[in-house]
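Data first, discussion second: the structure below is written as structure tokens.
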Amino acid sequence: MRTIKRDAPILLEVNNLSTDFLVAGQEPAHALVDINFRLREGEVLGIVGESGCGKTTLMLSLMRLLPANGRITSGQINFMNNDLLDLSEREMGDVRWKNIAMIFQGAMNALNPVHTVGRQIAEAIIQHNYITDKKAVTDRVVELLELVGIGAERKDQYPHQYSGGMRQRAMIAMALACNPQVVIADEPTTALDVMIQAQILELLGTLRDKLGLSILFVTHDLGVVAEMCDTVLVMYGGVTAEYANVDTIFNAPQHPYTQELLRAFPDLTKPMEKLISIPGYPPRLNALPAGCRFAPRCPHAFGRCHVEAPPLHGVQDRHFASCHLVEPESNISPETPEFPGKSNEL
Amino acid sequence: MSEQQPIIELKNLRKLFPVNKTSLWEQEEKFVHAVDDVSFVLHPGEVLALVGESGCGKSTLALTLMNLETPTEGQIFFEGRDVTHLSGKPLQEMRRHIQMVFQDPYESLNPTMTIGDIVAEPLVVHRLEPNKQARQDRVVRALEDAGLKPASNFMHRYPHELSGGQRQRVVIAGALVLEPKVLLADEPVSMLDVSIRAEILNLLASLRETRGISVLFITHDLGTVAYFADRIAVMYLGRIVEMGGTLSVLERPLHPYTKALLSVMPVPNPRLRRERIILQGETPNPIDLPSGCRFHPRCPIAQPHCQQTDPAWREIEPAHWAACLEV
């Protein structure tokens with residue numbers, strides 16, 4: 001198993017990031033509250049949660065692409081020692097392609113149907129690198145397409161001539177146009193067949209190794225997380241439920257939400273086991289429960305959970321969970337025995 | 001189970017769609033081989049999962065079964081009766097017993113009708129239960145069997161007021177209200193969130209026990225079938241390449257395509273990251289099928305003879321069939 005170094009340089013550090021949505025005549029909705037994480041060079045961080053848990057809001061906040069009624073109310077987004085929240089809109093525009101690029105959900109609809117794929121990739125290169133030499137641009141387009149496994153001869157084709165998997169590859173090529181250090185992939189494989197999904201995941205893994213990319217991988221597919229990610233941030237109702245390395249999340253989860261999510265996910269290696277669904281739905285942002293946001297659905301909730309929101313406790317070194325049941329010192333599990341994935345830490 | 005009369009039996013079913021000629025001088029007429037020589041049986045109370053990637057013909061197979069597409073060749077038997085070319089009243093009568101659950105609960109419910117009316121509509125269409133009270137009772141029973149309890153909370157609401165999981169339950173209730181013998185579920189959970197998937201899968205599994213319904217479960221996700229299917233049939237390019245009991249297919253897959261599909265299924269355990277057999281390229285065009293075994297261009301173990309010989313459908317282990325020359 002590939003391991004990332006514990007002390008690889010930190011590229012992106014998010015501290016206490018909170019985002020509100022303003023709604024006329026109502027209290028602002030707290031869509032994100034105090035999100036913290038660190039992304040190291042070459043690390044793949046999975047962001048997991050059901051629909052409506054704030055995953056996409058987090059991504060849009062990082063890119064400063066929130067819709068007009070979204071406001072980042074506090075926190076810092078430190079990227080290579082610059083706080084992205086201090087940058088002007090123009091400077092941020094440069095960061096967006098050259099440092100942090102995004103692969104959007106729904107490759108089917110993210111490409112412009114009336115321009116060739118090559119032209120759309122070229123546009124990104126010209127816009128952000130100020131290259132005007134046609135030959136240089138074409139060379140770069142071909143290089144990018146080949147990097148993602150698309151033959152150069154297909155650059156003059158239109159998106160409808162591409163299959164779903166190829167379009168997703170083209171989207172990845174476009175995200176890489178300006179050599180970013182961080183790629184945000186928002187559900188990049190959700191609409192794809194398993195075999196195509198495997199091809200795309202393999203491609204992302206190769207790119208990470210070859211280009212030293214760090215990837216923020218947003219998904220609700222826990223299987224993909226287990227395959228791809230080094231570390232995992234589990235979100236629930238806009239807050240961090242649990243944050244740890246991938247092995248801890250899957251084999252020693254502390255937050256009841258993580259545990260329930262795992263029980264609801266089909267596991268091919270354990271057929272015939274009954275799936276347990278999580279009753280209820282994630283809270284609506286305009287009707288958040290008092291106390292812990294997961295309490296109404298939590299099987300272990302007790303009195304205090306309904307009145308007091310738990311802070312994010314450090315369970316162990318680089319393992320955090322926001323639950324009253326995992327208060328520091330009270331519930332620290334012994335070190336898990338040595339196994340191959342053990343060195344794979346936050 | 002084998003002594004029982006199967007509820008549905010397909011014999012050498014074939015569905016070809018003619019392709020428009022691209023040139024006036026084109027001689028040969030071309031076809032999309034959507035379903036090509038498929039045979040299987042579905043027993044009463046059995047859950048059969050039909051697994052394959054997009055474009056392998058699994059949805060066409062379901063439509064053909066419902067007689068929404070006319071098969072080009074082959075026969076369909078329902079309870080031992082040949083229903084391949086039924087039309088008119090007998091067809092409607094047969095369809096009552098085979099109901100479909102579609103993929104997208106957001107688009108398969110009429111937004112202007114209440115849940116009660118939506119679920120009652122099949123009864124009206126089939127002219128069953130003219131008595132209003134009796135009709136209402138059946139609707140309530142169907143909704144409650146589909147897990148919408150108490151039904152009175154839902155009858156007068158509209159689809160937009162319900163969540164995705166609840167809508168899919170309404171779709172299932174609409175199928176159940178006719179008391180069908182077979183449910184054809186075409187990707188019933190692929191649009192739903194993980195936490196809700198489990199609940200719909202458990203519901204489908206329980207219907208077999210409470211109502212003795214047979215389910216043909218069509219999906220591309222092997223992970224979801226493992227929980228309640230009795231048997232799995234794997235389809236590739238219009239043909240079933242492997243079929244057997246769920247555990248034997250999952251634990252001892254025979255066909256290289258099944259092996260590859262299983263190897264790329266993400267498993268929610270990072271300690272089990274394994275060697276994946278990633279097939280390169282995409283499923284070939286179903287118009288110009290490869291010669292010999294149709295899987296040979298992508299097959300990791302293909303031999304020269306695979307290019308010439310179309311493999312026969314053989315029983316390799318008891319009740320575990322595959323079409324491959326190399327097993």
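Within each chain, counting starts at residue 1; across the structure tokens, chains are named A, B, ... in the order shown, with ligands numbered 1 upward in that order.
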
When you get a sec, could you note down which chain A residues fall within 7 Å of chain B, using only C-alpha atoms, as a PyMOL selection string? chain A and resi 50-51+193-195+198-199+222-224+226-227+246-247+250+261+264-268+271-278+341

Could you dump the residues just selected with N, CA and C atoms as a PDB file, in the first residue's frame?
ATOM      1  N   GLU A  50     -23.839  12.161   3.725  1.00  0.00           N
ATOM      2  CA  GLU A  50     -25.023  12.045   2.877  1.00  0.00           C
ATOM      3  C   GLU A  50     -25.237  13.348   2.106  1.00  0.00           C
ATOM      4  N   SER A  51     -26.193  13.330   1.182  1.00  0.00           N
ATOM      5  CA  SER A  51     -26.548  14.578   0.505  1.00  0.00           C
ATOM      6  C   SER A  51     -27.016  15.576   1.551  1.00  0.00           C
ATOM      7  N   ASP A 193     -20.283   3.738 -14.876  1.00  0.00           N
ATOM      8  CA  ASP A 193     -20.291   2.303 -14.644  1.00  0.00           C
ATOM      9  C   ASP A 193     -19.096   1.872 -13.806  1.00  0.00           C
ATOM     10  N   VAL A 194     -19.225   0.736 -13.116  1.00  0.00           N
ATOM     11  CA  VAL A 194     -18.125   0.335 -12.229  1.00  0.00           C
ATOM     12  C   VAL A 194     -16.794   0.197 -12.943  1.00  0.00           C
ATOM     13  N   MET A 195     -16.804  -0.363 -14.154  1.00  0.00           N
ATOM     14  CA  MET A 195     -15.526  -0.571 -14.840  1.00  0.00           C
ATOM     15  C   MET A 195     -14.914   0.771 -15.231  1.00  0.00           C
ATOM     16  N   ALA A 198     -13.579   2.404 -12.196  1.00  0.00           N
ATOM     17  CA  ALA A 198     -12.267   1.860 -11.831  1.00  0.00           C
ATOM     18  C   ALA A 198     -11.177   2.487 -12.690  1.00  0.00           C
ATOM     19  N   GLN A 199     -11.474   2.683 -13.978  1.00  0.00           N
ATOM     20  CA  GLN A 199     -10.482   3.312 -14.860  1.00  0.00           C
ATOM     21  C   GLN A 199     -10.164   4.735 -14.408  1.00  0.00           C
ATOM     22  N   LEU A 222     -18.578   5.020   0.099  1.00  0.00           N
ATOM     23  CA  LEU A 222     -17.543   4.638   1.064  1.00  0.00           C
ATOM     24  C   LEU A 222     -16.548   3.647   0.486  1.00  0.00           C
ATOM     25  N   GLY A 223     -16.990   2.847  -0.480  1.00  0.00           N
ATOM     26  CA  GLY A 223     -16.079   1.896  -1.107  1.00  0.00           C
ATOM     27  C   GLY A 223     -14.968   2.627  -1.831  1.00  0.00           C
ATOM     28  N   VAL A 224     -15.336   3.673  -2.547  1.00  0.00           N
ATOM     29  CA  VAL A 224     -14.340   4.457  -3.282  1.00  0.00           C
ATOM     30  C   VAL A 224     -13.372   5.124  -2.306  1.00  0.00           C
ATOM     31  N   ALA A 226     -12.479   3.996   0.621  1.00  0.00           N
ATOM     32  CA  ALA A 226     -11.557   2.984   1.135  1.00  0.00           C
ATOM     33  C   ALA A 226     -10.471   2.658   0.116  1.00  0.00           C
ATOM     34  N   GLU A 227     -10.818   2.717  -1.158  1.00  0.00           N
ATOM     35  CA  GLU A 227      -9.837   2.390  -2.199  1.00  0.00           C
ATOM     36  C   GLU A 227      -8.832   3.519  -2.424  1.00  0.00           C
ATOM     37  N   VAL A 246      -7.641   6.806   6.967  1.00  0.00           N
ATOM     38  CA  VAL A 246      -8.660   5.948   6.372  1.00  0.00           C
ATOM     39  C   VAL A 246      -8.839   4.649   7.133  1.00  0.00           C
ATOM     40  N   ASP A 247      -7.757   4.104   7.652  1.00  0.00           N
ATOM     41  CA  ASP A 247      -7.892   2.836   8.359  1.00  0.00           C
ATOM     42  C   ASP A 247      -8.687   3.007   9.645  1.00  0.00           C
ATOM     43  N   PHE A 250     -12.467   3.304   8.964  1.00  0.00           N
ATOM     44  CA  PHE A 250     -13.173   2.077   8.613  1.00  0.00           C
ATOM     45  C   PHE A 250     -13.068   0.998   9.677  1.00  0.00           C
ATOM     46  N   LEU A 261     -23.110   4.863   9.072  1.00  0.00           N
ATOM     47  CA  LEU A 261     -22.889   4.984   7.641  1.00  0.00           C
ATOM     48  C   LEU A 261     -22.222   3.714   7.108  1.00  0.00           C
ATOM     49  N   ALA A 264     -24.630   0.829   6.828  1.00  0.00           N
ATOM     50  CA  ALA A 264     -25.625   0.954   5.763  1.00  0.00           C
ATOM     51  C   ALA A 264     -25.013   0.696   4.400  1.00  0.00           C
ATOM     52  N   PHE A 265     -23.699   0.558   4.340  1.00  0.00           N
ATOM     53  CA  PHE A 265     -23.051   0.450   3.034  1.00  0.00           C
ATOM     54  C   PHE A 265     -22.839  -1.009   2.663  1.00  0.00           C
ATOM     55  N   PRO A 266     -23.302  -1.412   1.465  1.00  0.00           N
ATOM     56  CA  PRO A 266     -23.144  -2.815   1.085  1.00  0.00           C
ATOM     57  C   PRO A 266     -21.670  -3.193   0.947  1.00  0.00           C
ATOM     58  N   ASP A 267     -21.320  -4.314   1.500  1.00  0.00           N
ATOM     59  CA  ASP A 267     -19.942  -4.784   1.428  1.00  0.00           C
ATOM     60  C   ASP A 267     -19.943  -6.153   0.759  1.00  0.00           C
ATOM     61  N   LEU A 268     -19.324  -6.188  -0.405  1.00  0.00           N
ATOM     62  CA  LEU A 268     -19.302  -7.404  -1.206  1.00  0.00           C
ATOM     63  C   LEU A 268     -18.613  -8.548  -0.486  1.00  0.00           C
ATOM     64  N   PRO A 271     -21.438 -10.818   2.035  1.00  0.00           N
ATOM     65  CA  PRO A 271     -22.802 -10.949   1.533  1.00  0.00           C
ATOM     66  C   PRO A 271     -23.682 -11.513   2.635  1.00  0.00           C
ATOM     67  N   MET A 272     -24.953 -11.463   2.453  1.00  0.00           N
ATOM     68  CA  MET A 272     -25.884 -12.086   3.389  1.00  0.00           C
ATOM     69  C   MET A 272     -25.969 -11.385   4.742  1.00  0.00           C
ATOM     70  N   GLU A 273     -25.113 -10.419   5.004  1.00  0.00           N
ATOM     71  CA  GLU A 273     -25.272  -9.678   6.241  1.00  0.00           C
ATOM     72  C   GLU A 273     -26.372  -8.660   5.989  1.00  0.00           C
ATOM     73  N   LYS A 274     -27.172  -8.377   7.000  1.00  0.00           N
ATOM     74  CA  LYS A 274     -28.273  -7.457   6.753  1.00  0.00           C
ATOM     75  C   LYS A 274     -27.773  -6.011   6.764  1.00  0.00           C
ATOM     76  N   LEU A 275     -28.321  -5.231   5.843  1.00  0.00           N
ATOM     77  CA  LEU A 275     -27.974  -3.816   5.820  1.00  0.00           C
ATOM     78  C   LEU A 275     -28.848  -3.089   6.821  1.00  0.00           C
ATOM     79  N   ILE A 276     -28.248  -2.159   7.537  1.00  0.00           N
ATOM     80  CA  ILE A 276     -29.015  -1.390   8.503  1.00  0.00           C
ATOM     81  C   ILE A 276     -29.076   0.044   7.991  1.00  0.00           C
ATOM     82  N   SER A 277     -30.274   0.521   7.737  1.00  0.00           N
ATOM     83  CA  SER A 277     -30.348   1.895   7.266  1.00  0.00           C
ATOM     84  C   SER A 277     -30.386   2.840   8.458  1.00  0.00           C
ATOM     85  N   ILE A 278     -30.011   4.094   8.201  1.00  0.00           N
ATOM     86  CA  ILE A 278     -30.077   5.099   9.255  1.00  0.00           C
ATOM     87  C   ILE A 278     -31.457   5.733   9.163  1.00  0.00           C
ATOM     88  N   GLY A 341      -1.365  -0.973   6.655  1.00  0.00           N
ATOM     89  CA  GLY A 341      -1.837   0.390   6.467  1.00  0.00           C
ATOM     90  C   GLY A 341      -1.518   1.323   7.618  1.00  0.00           C
TER      91      GLY A 341
END

Which residues come within 12 Å of Val141 (chain A), counting only C-alpha atoms, excluding same-chain residues fewer than 3 positions away, as a ChimeraX atom specification? /A:116-126,134-138,144-148,150-156,170,173-178

Could you write those residues out with N, CA, C and O atoms, as a compact mmCIF listing (two decimals), in the first residue's frame?
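part_33.txt written:
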# COMPACT_ATOMS: atom_id res chain seq x y z
N THR A 116 -15.31 22.06 -29.68
CA THR A 116 -14.58 20.80 -29.59
C THR A 116 -13.92 20.71 -28.22
O THR A 116 -13.67 21.73 -27.57
N VAL A 117 -13.65 19.47 -27.82
CA VAL A 117 -13.02 19.25 -26.51
C VAL A 117 -11.67 19.95 -26.47
O VAL A 117 -11.33 20.63 -25.50
N GLY A 118 -10.91 19.82 -27.57
CA GLY A 118 -9.58 20.44 -27.61
C GLY A 118 -9.67 21.94 -27.41
O GLY A 118 -8.90 22.53 -26.66
N ARG A 119 -10.64 22.57 -28.03
CA ARG A 119 -10.77 24.01 -27.92
C ARG A 119 -11.09 24.42 -26.48
O ARG A 119 -10.60 25.43 -25.99
N GLN A 120 -11.92 23.62 -25.82
CA GLN A 120 -12.28 23.97 -24.44
C GLN A 120 -11.09 23.87 -23.51
O GLN A 120 -10.95 24.65 -22.57
N ILE A 121 -10.23 22.87 -23.76
CA ILE A 121 -9.04 22.76 -22.92
C ILE A 121 -8.09 23.90 -23.24
O ILE A 121 -7.50 24.53 -22.36
N ALA A 122 -7.97 24.22 -24.54
CA ALA A 122 -7.09 25.30 -24.96
C ALA A 122 -7.52 26.62 -24.32
O ALA A 122 -6.69 27.42 -23.88
N GLU A 123 -8.81 26.82 -24.21
CA GLU A 123 -9.32 28.06 -23.63
C GLU A 123 -8.80 28.24 -22.21
O GLU A 123 -8.37 29.33 -21.82
N ALA A 124 -8.82 27.14 -21.44
CA ALA A 124 -8.32 27.23 -20.07
C ALA A 124 -6.85 27.60 -20.06
O ALA A 124 -6.40 28.40 -19.23
N ILE A 125 -6.08 27.04 -20.99
CA ILE A 125 -4.65 27.31 -21.03
C ILE A 125 -4.40 28.78 -21.41
O ILE A 125 -3.63 29.49 -20.76
N ILE A 126 -5.11 29.24 -22.42
CA ILE A 126 -4.89 30.61 -22.91
C ILE A 126 -5.32 31.62 -21.85
O ILE A 126 -4.59 32.56 -21.52
N LYS A 134 0.01 29.61 -30.91
CA LYS A 134 -0.95 28.56 -31.22
C LYS A 134 -0.35 27.17 -31.10
O LYS A 134 -0.95 26.25 -30.57
N LYS A 135 0.85 27.04 -31.64
CA LYS A 135 1.52 25.75 -31.64
C LYS A 135 1.74 25.26 -30.21
O LYS A 135 1.47 24.10 -29.87
N ALA A 136 2.18 26.17 -29.35
CA ALA A 136 2.44 25.80 -27.96
C ALA A 136 1.16 25.33 -27.28
O ALA A 136 1.15 24.37 -26.51
N VAL A 137 0.06 26.04 -27.58
CA VAL A 137 -1.21 25.67 -26.96
C VAL A 137 -1.64 24.29 -27.43
O VAL A 137 -2.00 23.42 -26.62
N THR A 138 -1.57 24.05 -28.75
CA THR A 138 -1.98 22.76 -29.27
C THR A 138 -1.12 21.64 -28.68
O THR A 138 -1.65 20.59 -28.29
N LEU A 144 -1.92 17.05 -22.52
CA LEU A 144 -2.89 16.84 -21.46
C LEU A 144 -3.82 15.67 -21.79
O LEU A 144 -4.10 14.82 -20.95
N LEU A 145 -4.29 15.63 -23.05
CA LEU A 145 -5.20 14.55 -23.43
C LEU A 145 -4.49 13.20 -23.30
O LEU A 145 -5.07 12.23 -22.81
N GLU A 146 -3.22 13.16 -23.72
CA GLU A 146 -2.51 11.89 -23.62
C GLU A 146 -2.27 11.50 -22.17
O GLU A 146 -2.32 10.32 -21.82
N LEU A 147 -2.07 12.49 -21.33
CA LEU A 147 -1.89 12.24 -19.90
C LEU A 147 -3.10 11.51 -19.31
O LEU A 147 -2.97 10.66 -18.44
N VAL A 148 -4.28 11.83 -19.80
CA VAL A 148 -5.47 11.19 -19.25
C VAL A 148 -5.94 10.03 -20.14
O VAL A 148 -7.02 9.48 -19.92
N ILE A 150 -6.42 9.89 -23.62
CA ILE A 150 -7.24 10.14 -24.80
C ILE A 150 -6.28 10.41 -25.97
O ILE A 150 -5.35 11.21 -25.83
N GLY A 151 -6.50 9.74 -27.08
CA GLY A 151 -5.63 9.91 -28.24
C GLY A 151 -5.72 11.33 -28.78
O GLY A 151 -6.78 11.96 -28.77
N ALA A 152 -4.57 11.85 -29.29
CA ALA A 152 -4.50 13.23 -29.77
C ALA A 152 -5.50 13.48 -30.89
O ALA A 152 -6.02 14.59 -31.04
N GLU A 153 -5.80 12.43 -31.68
CA GLU A 153 -6.68 12.63 -32.83
C GLU A 153 -8.10 12.99 -32.41
O GLU A 153 -8.88 13.49 -33.22
N ARG A 154 -8.42 12.80 -31.13
CA ARG A 154 -9.79 13.08 -30.72
C ARG A 154 -9.97 14.50 -30.21
O ARG A 154 -11.06 14.86 -29.76
N LYS A 155 -8.93 15.32 -30.27
CA LYS A 155 -9.06 16.67 -29.73
C LYS A 155 -10.04 17.52 -30.54
O LYS A 155 -10.62 18.46 -30.02
N ASP A 156 -10.22 17.18 -31.82
CA ASP A 156 -11.12 17.97 -32.64
C ASP A 156 -12.55 17.43 -32.65
O ASP A 156 -13.36 17.83 -33.47
N ALA A 170 -11.71 14.02 -20.06
CA ALA A 170 -11.48 15.35 -20.63
C ALA A 170 -11.60 16.42 -19.54
O ALA A 170 -10.82 17.38 -19.50
N ALA A 173 -8.44 16.38 -17.67
CA ALA A 173 -7.38 17.04 -18.45
C ALA A 173 -7.51 18.55 -18.31
O ALA A 173 -6.53 19.27 -18.14
N MET A 174 -8.75 19.03 -18.34
CA MET A 174 -8.97 20.46 -18.26
C MET A 174 -8.56 20.99 -16.90
O MET A 174 -7.92 22.04 -16.78
N ALA A 175 -8.88 20.24 -15.84
CA ALA A 175 -8.51 20.67 -14.50
C ALA A 175 -6.99 20.75 -14.36
O ALA A 175 -6.47 21.57 -13.61
N LEU A 176 -6.27 19.91 -15.12
CA LEU A 176 -4.82 19.89 -14.99
C LEU A 176 -4.14 20.91 -15.90
O LEU A 176 -2.91 21.01 -15.89
N ALA A 177 -4.92 21.67 -16.65
CA ALA A 177 -4.37 22.53 -17.70
C ALA A 177 -3.28 23.47 -17.17
O ALA A 177 -2.31 23.74 -17.85
N CYS A 178 -3.44 23.99 -15.96
CA CYS A 178 -2.48 24.98 -15.47
C CYS A 178 -1.62 24.41 -14.35
O CYS A 178 -1.17 25.16 -13.47

Just asking: which residues within region 29-198 of chain A are alpha helix (DSSP H) according to DSSP, as a PyMOL selection string? chain A and resi 55-63+89-98+107-110+117-129+134-147+164-175+194-198

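If you count only C-alpha atoms and ignore residues fewer than 3 places along the chain from Gly244 (chain B), what sits within 8 Å of it is Arg231, Ile232, Ala233, Ser248, Val249, Ala319, His320 and Trp321 of chain B.
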
Now that the selection is made, can you save its residues with all heavy atoms as a short mmCIF file (atom, residue, chain, number, x, y, z; two decimals), in the first residue's frame?
data_model
loop_
_atom_site.label_atom_id
_atom_site.label_comp_id
_atom_site.auth_asym_id
_atom_site.auth_seq_id
_atom_site.Cartn_x
_atom_site.Cartn_y
_atom_site.Cartn_z
N ARG B 231 -29.99 -15.74 -7.03
CA ARG B 231 -29.08 -16.07 -8.12
C ARG B 231 -28.66 -14.79 -8.82
O ARG B 231 -29.36 -13.78 -8.78
CB ARG B 231 -29.78 -16.99 -9.13
CG ARG B 231 -29.98 -18.41 -8.60
CD ARG B 231 -30.46 -19.34 -9.69
NE ARG B 231 -31.72 -18.89 -10.24
CZ ARG B 231 -32.06 -19.05 -11.52
NH1 ARG B 231 -31.24 -19.63 -12.37
NH2 ARG B 231 -33.23 -18.62 -11.95
N ILE B 232 -27.51 -14.87 -9.49
CA ILE B 232 -27.00 -13.72 -10.23
C ILE B 232 -26.79 -14.14 -11.69
O ILE B 232 -26.28 -15.23 -11.95
CB ILE B 232 -25.65 -13.25 -9.65
CG1 ILE B 232 -25.84 -12.73 -8.23
CG2 ILE B 232 -24.99 -12.18 -10.52
CD1 ILE B 232 -24.57 -12.25 -7.57
N ALA B 233 -27.22 -13.30 -12.61
CA ALA B 233 -26.90 -13.50 -14.02
C ALA B 233 -26.10 -12.30 -14.47
O ALA B 233 -26.50 -11.16 -14.25
CB ALA B 233 -28.18 -13.63 -14.84
N SER B 248 -22.04 -18.65 -4.96
CA SER B 248 -21.03 -19.28 -5.82
C SER B 248 -20.50 -18.30 -6.86
O SER B 248 -19.32 -18.33 -7.18
CB SER B 248 -21.53 -20.59 -6.45
OG SER B 248 -22.79 -20.45 -6.99
N VAL B 249 -21.37 -17.41 -7.36
CA VAL B 249 -20.85 -16.43 -8.32
C VAL B 249 -19.89 -15.45 -7.63
O VAL B 249 -18.83 -15.12 -8.16
CB VAL B 249 -22.00 -15.65 -9.01
CG1 VAL B 249 -21.46 -14.51 -9.85
CG2 VAL B 249 -22.83 -16.59 -9.87
N ALA B 319 -25.52 -26.18 -11.20
CA ALA B 319 -26.32 -24.95 -11.18
C ALA B 319 -25.49 -23.68 -11.34
O ALA B 319 -25.87 -22.62 -10.89
CB ALA B 319 -27.17 -24.86 -9.90
N HIS B 320 -24.33 -23.78 -11.89
CA HIS B 320 -23.48 -22.60 -12.10
C HIS B 320 -22.96 -22.66 -13.54
O HIS B 320 -22.14 -23.50 -13.87
CB HIS B 320 -22.34 -22.63 -11.08
CG HIS B 320 -21.54 -21.35 -11.05
ND1 HIS B 320 -20.66 -21.06 -10.04
CD2 HIS B 320 -21.48 -20.30 -11.89
CE1 HIS B 320 -20.10 -19.88 -10.27
NE2 HIS B 320 -20.58 -19.41 -11.39
N TRP B 321 -23.51 -21.77 -14.36
CA TRP B 321 -23.26 -21.82 -15.80
C TRP B 321 -22.35 -20.69 -16.24
O TRP B 321 -22.36 -19.62 -15.65
CB TRP B 321 -24.58 -21.70 -16.56
CG TRP B 321 -25.57 -22.78 -16.26
CD1 TRP B 321 -26.18 -23.02 -15.06
CD2 TRP B 321 -26.04 -23.77 -17.17
NE1 TRP B 321 -27.03 -24.10 -15.18
CE2 TRP B 321 -26.97 -24.58 -16.47
CE3 TRP B 321 -25.78 -24.05 -18.52
CZ2 TRP B 321 -27.62 -25.64 -17.06
CZ3 TRP B 321 -26.44 -25.11 -19.11
CH2 TRP B 321 -27.35 -25.91 -18.39
#

Env of region 40-46 of chain A: 8 Å cut, atoms = only C-alpha atoms, seq-sep filter 2 positions within chain, self excluded. Answer as a PDB file with C-alpha atoms, in the first residue's frame.
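The result, stored in part.pdb:
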ATOM      1  CA  ILE A   4       2.067   9.363   2.455  1.00  0.00           C
ATOM      2  CA  ALA A   8       5.035  15.770   4.037  1.00  0.00           C
ATOM      3  CA  PRO A   9       4.657  19.542   3.666  1.00  0.00           C
ATOM      4  CA  ILE A  10       1.190  20.890   4.352  1.00  0.00           C
ATOM      5  CA  LEU A  11      -0.280  22.476   1.226  1.00  0.00           C
ATOM      6  CA  LEU A  12      -3.678  23.494   2.394  1.00  0.00           C
ATOM      7  CA  ARG A  38      -4.955  19.757   6.596  1.00  0.00           C
ATOM      8  CA  VAL A  48     -17.858  11.952   3.077  1.00  0.00           C
ATOM      9  CA  ARG A 208      -1.292  11.778  -8.013  1.00  0.00           C
ATOM     10  CA  ASP A 209       1.892   9.689  -8.144  1.00  0.00           C
ATOM     11  CA  GLY A 212       2.480  14.785  -6.889  1.00  0.00           C
ATOM     12  CA  LEU A 213      -1.099  16.048  -6.817  1.00  0.00           C
ATOM     13  CA  SER A 214      -3.066  16.413  -3.635  1.00  0.00           C
ATOM     14  CA  ILE A 215      -6.701  15.523  -4.085  1.00  0.00           C
ATOM     15  CA  LEU A 216      -9.797  16.485  -2.153  1.00  0.00           C
ATOM     16  CA  PHE A 217     -12.184  13.711  -3.030  1.00  0.00           C
ATOM     17  CA  VAL A 218     -15.831  14.451  -2.331  1.00  0.00           C
ATOM     18  CA  THR A 219     -18.043  11.397  -2.465  1.00  0.00           C
ATOM     19  CA  VAL A 225     -13.051   6.212  -0.170  1.00  0.00           C
ATOM     20  CA  MET A 228      -8.562   5.881  -2.873  1.00  0.00           C
ATOM     21  CA  CYS A 229      -8.104   8.008   0.213  1.00  0.00           C
ATOM     22  CA  ASP A 230      -5.378   8.423   2.794  1.00  0.00           C
ATOM     23  CA  THR A 231      -7.450  10.430   5.227  1.00  0.00           C
ATOM     24  CA  VAL A 232     -11.178  10.983   5.637  1.00  0.00           C
ATOM     25  CA  LEU A 233     -13.324  13.846   6.887  1.00  0.00           C
TER      26      LEU A 233
END

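Note that the spacing between CA of Glu179 (chain B) and CA of Ile213 (chain B) amounts to 8.8 Å.
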
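Put simply, CA of Phe37 (chain A) is 6.9 Å away from CA of Asn15 (chain A).
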
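For the pair CA of Ala287 (chain A) and CA of Met113 (chain B), the separation is 28.0 Å.
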
As a PyMOL selection string, which residues of region 138-330 of chain A does DSSP assign to strand (DSSP E)? chain A and resi 182-186+214-219+231-236+239-245+313-316+319-321

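Of the residues under consideration (A:Ser74, A:Thr269, A:Asn109, A:Thr132), A:Asn109 shows the shortest atom-to-atom contact distance to Gln168 (chain A) when counting only C-alpha atoms.
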
Can you work out which one of B:Gln4, B:Thr64, B:Ser291, B:Thr258 has the shortest atom-to-atom distance to Pro44 (chain B), counting only C-alpha atoms? B:Gln4

What lies within 12 Å of Pro296 (chain A) using only C-alpha atoms, ignoring chain neighbours under 2 positions off, as a ChimeraX atom specification? /A:237,256-257,278-283,288-294,298-303,305-307

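With only C-alpha atoms as the atoms that count, the minimum distance from Thr309 (chain B) to the choices B:Asp288, B:Glu28, B:Glu326, B:Glu9 is reached by B:Glu326.
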
Find the residues around Ala151 (chain B) up to 7 Å (only C-alpha atoms counted), leave out those fewer than 6 positions away in its own chain, and share them as a ChimeraX atom specification. /B:140,143-144

Write out as a PyMOL selection string the residues lying within 7 Å of Thr73 (chain A), counting only C-alpha atoms and excluding same-chain residues fewer than 5 positions away. chain A and resi 18-20

Output file for the selection above: all heavy atoms, as a compact mmCIF listing (two decimals), in the first residue's frame:
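Below is the file again_19.txt, written as the result:
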# COMPACT_ATOMS: atom_id res chain seq x y z
N SER A 18 -16.26 28.65 8.69
CA SER A 18 -17.71 28.64 8.85
C SER A 18 -18.35 29.41 7.70
O SER A 18 -17.84 30.45 7.30
CB SER A 18 -18.14 29.30 10.16
OG SER A 18 -17.54 28.63 11.24
N THR A 19 -19.44 28.89 7.21
CA THR A 19 -20.15 29.54 6.11
C THR A 19 -21.63 29.62 6.44
O THR A 19 -22.22 28.67 6.95
CB THR A 19 -19.96 28.73 4.80
OG1 THR A 19 -18.57 28.72 4.49
CG2 THR A 19 -20.73 29.35 3.65
N ASP A 20 -22.21 30.78 6.17
CA ASP A 20 -23.65 30.95 6.36
C ASP A 20 -24.32 31.18 5.02
O ASP A 20 -23.71 31.70 4.10
CB ASP A 20 -23.92 32.23 7.19
CG ASP A 20 -23.67 31.99 8.67
OD1 ASP A 20 -23.35 30.85 9.03
OD2 ASP A 20 -23.80 32.97 9.44
